[in-house]
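J.: Okay, here's the structure, questions in a sec.
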Amino acid sequence: PLPLILALMIHEIHFMPFRRVVQTTVYLPHFLSWVIVGGIFSNILAVNGGLVNRMLGHFGIAPVRFLMDEGWFREGLVWSSMWKEAGWGTIVYLAAISGLELQQYEAAVIDGASKWKQIWYITLPGVANTIILVLMMSLGNLLSNSFEQILIMYNPAVYNTADVINTYVYRHGVGMMEYGYSSAIGLFNSLVGFILVMSTNSLCRRYLDRSIW
């Protein structure tokens, strides 16, 4: 939901120079390689001299091994992925919001609708098809996402938590040359993605009366 929330917030900025600055700022991380982003977060979260641990030290908190601890590593992955990709995802939602008819908002203002009610009853229903499309595309790639990110940031200490199917296939298929085994896992990966997309489309059509096909 973060790209949608960002899109709604940016759409409400009416001072165009500031809006362009905000848009550019949130889009830029997408164009950075995961090698660069992984290096940035590795330095920020480092046990010795990392920015976060230095701040914790000022409060008397012992250093935390963020990238070496199974409990914290997942949090680091989520936050780094959100920082890098959330802004890019807002492009689709901003385009959909910009295509909504202004007359609906004008009528809502005349009727006394608050900004929250305008978002709830006009904006969100207006971009519902876009939300479903993005959701299904995300679910279709659910099992293959974050391969490059995890491959760069993880280490043997967090394999049990950090491994996803693609990194597991990479280590066993390429590292141990188990090509038949890795091919079977890849086929399973694609099959699960197909089932997720079809199931989501069917559920949306049944319960929301909206679907892609």
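Naming works like this for the structure tokens: A, B, ... for the chains as they're shown, residue 1 at the start of each chain, ligands 1 onward in shown order.
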When you look at A:Ile165 with a cut-off of 10 Å (counting only C-alpha atoms), what residues show up, excluding the ones that are within fewer than 3 positions of it in the same chain? I need them as a list in words.

T.: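 Listing them by chain and then by number gives Leu143, Ser144, Asn145, Phe147, Tyr168, Val169, Tyr170, Ser182, Ile185, Gly186, Phe188 and Asn189 of chain A.
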
J.: Tell me, counting only C-alpha atoms, for each residue of stretch 86-184 of chain A within 8 Å of stretch 36-59 of chain A, which pair of atoms is nearest and how far apart they are in Å to one decimal, in rows ordered by chain and increasing number, as CSV.

T.:
residue,atom,partner,partner_atom,distance
A:Gln149,CA,A:Gly38,CA,7.1
A:Ile152,CA,A:Gly38,CA,6.4
A:Met153,CA,A:Gly38,CA,5.8

J.: Using N, CA, C and O atoms, can you export the residues from the last selection as a PDB file, in the first residue's frame?

T.:
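Here's the written file out-v9.pdb:
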ATOM      1  N   GLN A 149      18.588  -8.136  -4.447  1.00  0.00           N
ATOM      2  CA  GLN A 149      18.716  -7.472  -3.149  1.00  0.00           C
ATOM      3  C   GLN A 149      19.241  -8.431  -2.089  1.00  0.00           C
ATOM      4  O   GLN A 149      20.206  -8.126  -1.380  1.00  0.00           O
ATOM      5  N   ILE A 152      22.896  -9.745  -2.515  1.00  0.00           N
ATOM      6  CA  ILE A 152      23.927  -8.773  -2.157  1.00  0.00           C
ATOM      7  C   ILE A 152      24.019  -8.564  -0.658  1.00  0.00           C
ATOM      8  O   ILE A 152      25.118  -8.424  -0.104  1.00  0.00           O
ATOM      9  N   MET A 153      22.899  -8.592   0.033  1.00  0.00           N
ATOM     10  CA  MET A 153      22.882  -8.196   1.440  1.00  0.00           C
ATOM     11  C   MET A 153      23.012  -9.355   2.424  1.00  0.00           C
ATOM     12  O   MET A 153      23.388  -9.137   3.574  1.00  0.00           O
TER      13      MET A 153
END

J.: Give the helix (DSSP H, G or I) residues of stretch 91-197 of chain A, as assigned by DSSP on the backbone, as a VMD selection string.

T.: chain A and resid 91 to 98 102 to 110 115 to 126 128 to 140 147 to 153 156 to 162 165 to 175 179 to 197

J.: How many Å separate atom CA of A:Arg210 from atom CA of A:Leu8?

T.: 21.4 Å

J.: Using only C-alpha atoms, which residue out of A:Phe66, A:Trp79, A:Trp34, A:Tyr179 lies closest to A:Ile150?

T.: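 Smallest distance to A:Ile150 is found for A:Trp34.
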